[in-house]
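Novice: Pasting a structure here, questions to come.
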Amino acid sequence: MASARAAVVERPGRIEIRNFEIADPEPGAVILKMRYSGICGTDKHTFLGESKQYAGTPHERDLTYPLICGHENVGEVVATGGVVCDSEGRVLKPGDRIVPGANVACGQCRFCRNGFPYYMCEHLEDYGNSLHCGRAPHLLGGWAEHMYLLPGSVLFRVPDSLPDHVAVLTEIMAVTHGVEKANALLGQFGGTPFGGSVAVLGVGPLGLCHLIKARLLGAAQIIATDRHATRLQMARDFGASLTLSVDETTPEERIARVRESTGGIGADMVLDCSGVPASFVEALKMVRVGGVVVEAGAFVDLGPVQINPNSDICTKNVSIIGIGGETATSYLAGMRLMAANLDRLPFDRIVTHRMPLDRAEEAMAIAQDGASMKVVFAPNGVPAR
C-alpha cells in the first residue's frame, strides 16, 4: 500500500514529518494529490496551543493533537470511491483539479435541513481541525502529499484559467460572504449597496481578501489598518486609499482619521479581520450611524471585550454580522471572481512563500512574520501551473 508524508502538529510548538498509509477510497471518497495547502490564521493559533474553536455553538471544542492542519487546499484527483461528482454534478476523474470544502456537514440536523451555511451544522467536522490524524483514514488535512476526502465533502472544480497559487486562496475568499450581507443591510437601512466607504481592520490574507471583495463589489473608498508595513503596501496595491499603522497610531487617532476621511460620519462598513478582540471595540467606534460591522477574524476564542450596547450599538442603529466560516455556495463564485480579475488585480503577489513539508516549522515562523502575506505548503514540489 502506498504512503504519504505529512507535516504533523504533534503538540503546540512542535511539527514533525510522519508517514501514513494511503487508504483505498471508500464509496463517495476521493484521494487528492496536493498541489498547495495554505497556513491559515487558525493554524497559527493551533500551533500556539490556542485551540478552542466554535465557542458558544453546539460543536464548541478544543482541538485534539496530533493533527495534520490544512483546510485551504487545492489538488489533483488521483482516485475516487466509485462515481463522485463536483459541486455542479459533473463526474470527477483522475487529473481533475479541485478545491475541497473545508467542512463536512451531516446533512441531517436542523441547520443542514433549513438552508443555513454548512458551518452551522450541529455535527460539523473540519479538515485540518476536528478531523485529526489519530483517526482513520488519518490523512485528513492538507499539509500532506495526499489527502483523503470523506464521503459527503463538497468538491469544487477549479476553472482552467485559474492557477494553483490563486486557487489556494479560494477558501479564504469564500469567507468574505459577509461583505455581500453587509451591502444588503446598508441598502435596507437607507444607504446604498455600492459606492460607499469600507474600513478593513487587519489586512493579512483574510483581511486582504475582504478588501478585494469590497472593491470588486463597488466600494468607492477603502481604508486599511495593520501593524505591518508590507501588508499595508499590499492593501494600497489592491485599492486602499488610506492606510494606518497600528503601531504608529492609537485607536482614538485611527477612529478620528477614518471619520475625517468620511466627512465626519465614519465608515459605512467596517470589516474586522485582525483576530485581535480589542479591534471589535474599535470597529464599533469607527462605523457610522446606521452602518454595519462584520466580525470575521475572531474564530478562535481569545477572550471577551467590553462594549456599551446603548452607545455602541442601539442608539447608533449599528448592525453586526458574525461570520463563523465560509458558505458552500461561495467557493465556485469566488474562483470565478478571481479568474475574471487576474489581469486587473495583482493576485499573483498574495502567495509570498511556497514551502516544502520538511521546512514546516520555518514556514510557520514565516507565516507569523509581517513580512509575509500568504505562506503555503507545496507538499509534492512547486507545481508547473
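Every chain in the C-alpha cells has a letter given in the order shown (A, B, ...), and although residue numbers restart at 1 in each chain, ligands are simply numbered from 1 in the order shown.
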Hey, could you make a per-residue contact list for segment 135-230 of chain A against segment 62-76 of chain A with 9 Å as the cut-off, showing the nearest pair of atoms and its distance in Å to one decimal, counting only C-alpha atoms, sorted by chain and number, as a Markdown table?

Specialist:
```
| residue | atom | partner | partner_atom | distance |
| --- | --- | --- | --- | --- |
| A:His138 | CA | A:Ile68 | CA | 8.4 |
| A:Leu139 | CA | A:Ile68 | CA | 7.2 |
| A:Leu140 | CA | A:Ile68 | CA | 6.7 |
| A:Gly141 | CA | A:Gly70 | CA | 4.8 |
| A:Gly142 | CA | A:Gly70 | CA | 4.2 |
| A:Trp143 | CA | A:Gly70 | CA | 5.3 |
| A:Ala144 | CA | A:Ile68 | CA | 7.5 |
| A:His146 | CA | A:Gly75 | CA | 8.7 |
| A:Met147 | CA | A:Gly75 | CA | 8.8 |
| A:Val158 | CA | A:Val74 | CA | 8.4 |
| A:Asp164 | CA | A:Val74 | CA | 6.7 |
| A:His165 | CA | A:Val74 | CA | 8.7 |
| A:Ala167 | CA | A:Val74 | CA | 6.5 |
| A:Val168 | CA | A:Val74 | CA | 5.4 |
| A:Leu169 | CA | A:Glu72 | CA | 6.9 |
| A:Thr170 | CA | A:Glu72 | CA | 7.3 |
| A:Glu171 | CA | A:Glu72 | CA | 5.6 |
| A:Ile172 | CA | A:Glu72 | CA | 7.4 |
```

Novice: Restricted to N, CA and C atoms, what would the selected residues look like written as a tab-separated table (two decimals), in the first residue's frame?

Specialist:
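Once everything was written out, this is result.tsv:
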```
chain	number	residue	atom	x	y	z
A	138	HIS	N	-6.74	9.02	8.60
A	138	HIS	CA	-5.55	9.76	9.02
A	138	HIS	C	-5.21	10.99	8.18
A	139	LEU	N	-5.18	10.88	6.86
A	139	LEU	CA	-4.74	11.98	6.01
A	139	LEU	C	-5.88	12.97	5.79
A	140	LEU	N	-6.26	13.65	6.85
A	140	LEU	CA	-7.46	14.49	6.85
A	140	LEU	C	-7.15	15.97	6.94
A	141	GLY	N	-5.95	16.35	6.52
A	141	GLY	CA	-5.54	17.74	6.42
A	141	GLY	C	-4.65	17.91	5.22
A	142	GLY	N	-4.50	19.14	4.75
A	142	GLY	CA	-3.80	19.39	3.51
A	142	GLY	C	-2.29	19.47	3.60
A	143	TRP	N	-1.73	19.49	4.81
A	143	TRP	CA	-0.28	19.56	4.93
A	143	TRP	C	0.32	18.17	4.74
A	144	ALA	N	0.05	17.58	3.61
A	144	ALA	CA	0.46	16.22	3.32
A	144	ALA	C	0.57	16.04	1.81
A	146	HIS	N	-0.69	13.59	0.11
A	146	HIS	CA	-2.02	13.20	-0.33
A	146	HIS	C	-3.01	13.46	0.79
A	147	MET	N	-4.27	13.70	0.41
A	147	MET	CA	-5.33	13.99	1.37
A	147	MET	C	-6.52	13.09	1.07
A	158	VAL	N	-11.76	23.51	-10.28
A	158	VAL	CA	-11.03	24.75	-10.49
A	158	VAL	C	-11.13	25.16	-11.96
A	164	ASP	N	-2.88	27.44	-9.72
A	164	ASP	CA	-2.95	26.82	-8.39
A	164	ASP	C	-2.68	27.81	-7.27
A	165	HIS	N	-1.71	28.72	-7.48
A	165	HIS	CA	-1.32	29.62	-6.38
A	165	HIS	C	-2.37	30.70	-6.13
A	167	ALA	N	-5.84	29.65	-6.83
A	167	ALA	CA	-6.92	28.75	-6.40
A	167	ALA	C	-6.82	28.39	-4.92
A	168	VAL	N	-5.59	28.36	-4.38
A	168	VAL	CA	-5.42	28.02	-2.96
A	168	VAL	C	-6.03	29.09	-2.05
A	169	LEU	N	-6.34	30.25	-2.59
A	169	LEU	CA	-6.97	31.32	-1.81
A	169	LEU	C	-8.49	31.18	-1.75
A	170	THR	N	-9.04	30.16	-2.40
A	170	THR	CA	-10.50	30.07	-2.56
A	170	THR	C	-11.23	30.01	-1.24
A	171	GLU	N	-10.75	29.21	-0.29
A	171	GLU	CA	-11.46	29.08	0.98
A	171	GLU	C	-11.50	30.42	1.71
A	172	ILE	N	-10.41	31.17	1.66
A	172	ILE	CA	-10.40	32.49	2.30
A	172	ILE	C	-11.40	33.41	1.61
```

Novice: Determine, counting only C-alpha atoms, which protein, DNA and RNA residues have an atom within 9 Å of an atom of segment 307-309 of chain A; residues of the same chain fewer than 4 positions away are not included. Present the result as JSON, numbers by chain.

Specialist: {"A": [281, 284, 313, 314, 315]}

Novice: Given only C-alpha atoms as the basis, pick out the residue of A:Phe194, A:Tyr331, A:Tyr148, A:Phe377 nearest to Gly101 of chain A.

Specialist: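 Selected residue with least distance to Gly101 of chain A: A:Tyr331.
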
Novice: What does the structure give for the distance between atom CA of Pro356 of chain A and atom CA of Val9 of chain A, in Å to one decimal?

Specialist: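 Atom-to-atom, atom CA of Pro356 of chain A to atom CA of Val9 of chain A, that is 15.2 Å.
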
Novice: Within 10 Å of Asn19 of chain A, counting only C-alpha atoms, which residues qualify if same-chain residues fewer than 2 places away don't, as a ChimeraX atom specification?

Specialist: /A:3-8,17,21-22,139,144-145

Novice: Hey, can you spit out that residue selection with N, CA and C atoms as a tab-separated table (two decimals), in the first residue's frame?

Specialist:
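Saved file part-v3.tsv follows:
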```
chain	number	residue	atom	x	y	z
A	3	SER	N	2.16	5.15	0.61
A	3	SER	CA	2.13	6.02	1.79
A	3	SER	C	2.36	7.46	1.37
A	4	ALA	N	2.08	8.35	2.30
A	4	ALA	CA	2.25	9.79	2.06
A	4	ALA	C	2.88	10.44	3.27
A	5	ARG	N	3.75	11.39	3.03
A	5	ARG	CA	4.37	12.16	4.09
A	5	ARG	C	3.45	13.32	4.47
A	6	ALA	N	3.48	13.67	5.75
A	6	ALA	CA	2.64	14.77	6.24
A	6	ALA	C	3.38	15.52	7.33
A	7	ALA	N	3.12	16.83	7.39
A	7	ALA	CA	3.61	17.67	8.49
A	7	ALA	C	2.58	17.63	9.60
A	8	VAL	N	2.94	17.08	10.74
A	8	VAL	CA	2.01	16.83	11.83
A	8	VAL	C	2.31	17.77	13.00
A	17	ILE	N	7.56	15.44	10.72
A	17	ILE	CA	7.17	14.78	9.48
A	17	ILE	C	6.94	13.30	9.77
A	21	GLU	N	-0.15	5.51	5.71
A	21	GLU	CA	-0.64	4.74	4.58
A	21	GLU	C	-1.81	5.46	3.93
A	22	ILE	N	-1.88	5.38	2.61
A	22	ILE	CA	-2.99	5.98	1.87
A	22	ILE	C	-4.07	4.91	1.74
A	139	LEU	N	-5.18	10.88	6.86
A	139	LEU	CA	-4.74	11.98	6.01
A	139	LEU	C	-5.88	12.97	5.79
A	144	ALA	N	0.05	17.58	3.61
A	144	ALA	CA	0.46	16.22	3.32
A	144	ALA	C	0.57	16.04	1.81
A	145	GLU	N	1.30	15.00	1.39
A	145	GLU	CA	1.43	14.75	-0.04
A	145	GLU	C	0.11	14.33	-0.66
```

Novice: Could you give me, as a PyMOL selection string, the residues within 7 Å of Ser241 of chain A, counting only C-alpha atoms and dropping anything in the same chain fewer than 3 positions from it?

Specialist: chain A and resi 221-223+236

Novice: How would the residues just picked look written out with C-alpha atoms as a PDB file, in the first residue's frame?

Specialist:
```pdb
ATOM      1  CA  GLN A 221     -13.286  54.335  -0.579  1.00  0.00           C
ATOM      2  CA  ILE A 222     -11.250  51.685   1.229  1.00  0.00           C
ATOM      3  CA  ILE A 223      -9.314  52.256   4.458  1.00  0.00           C
ATOM      4  CA  ARG A 236      -2.660  50.020  -1.307  1.00  0.00           C
TER       5      ARG A 236
END
```
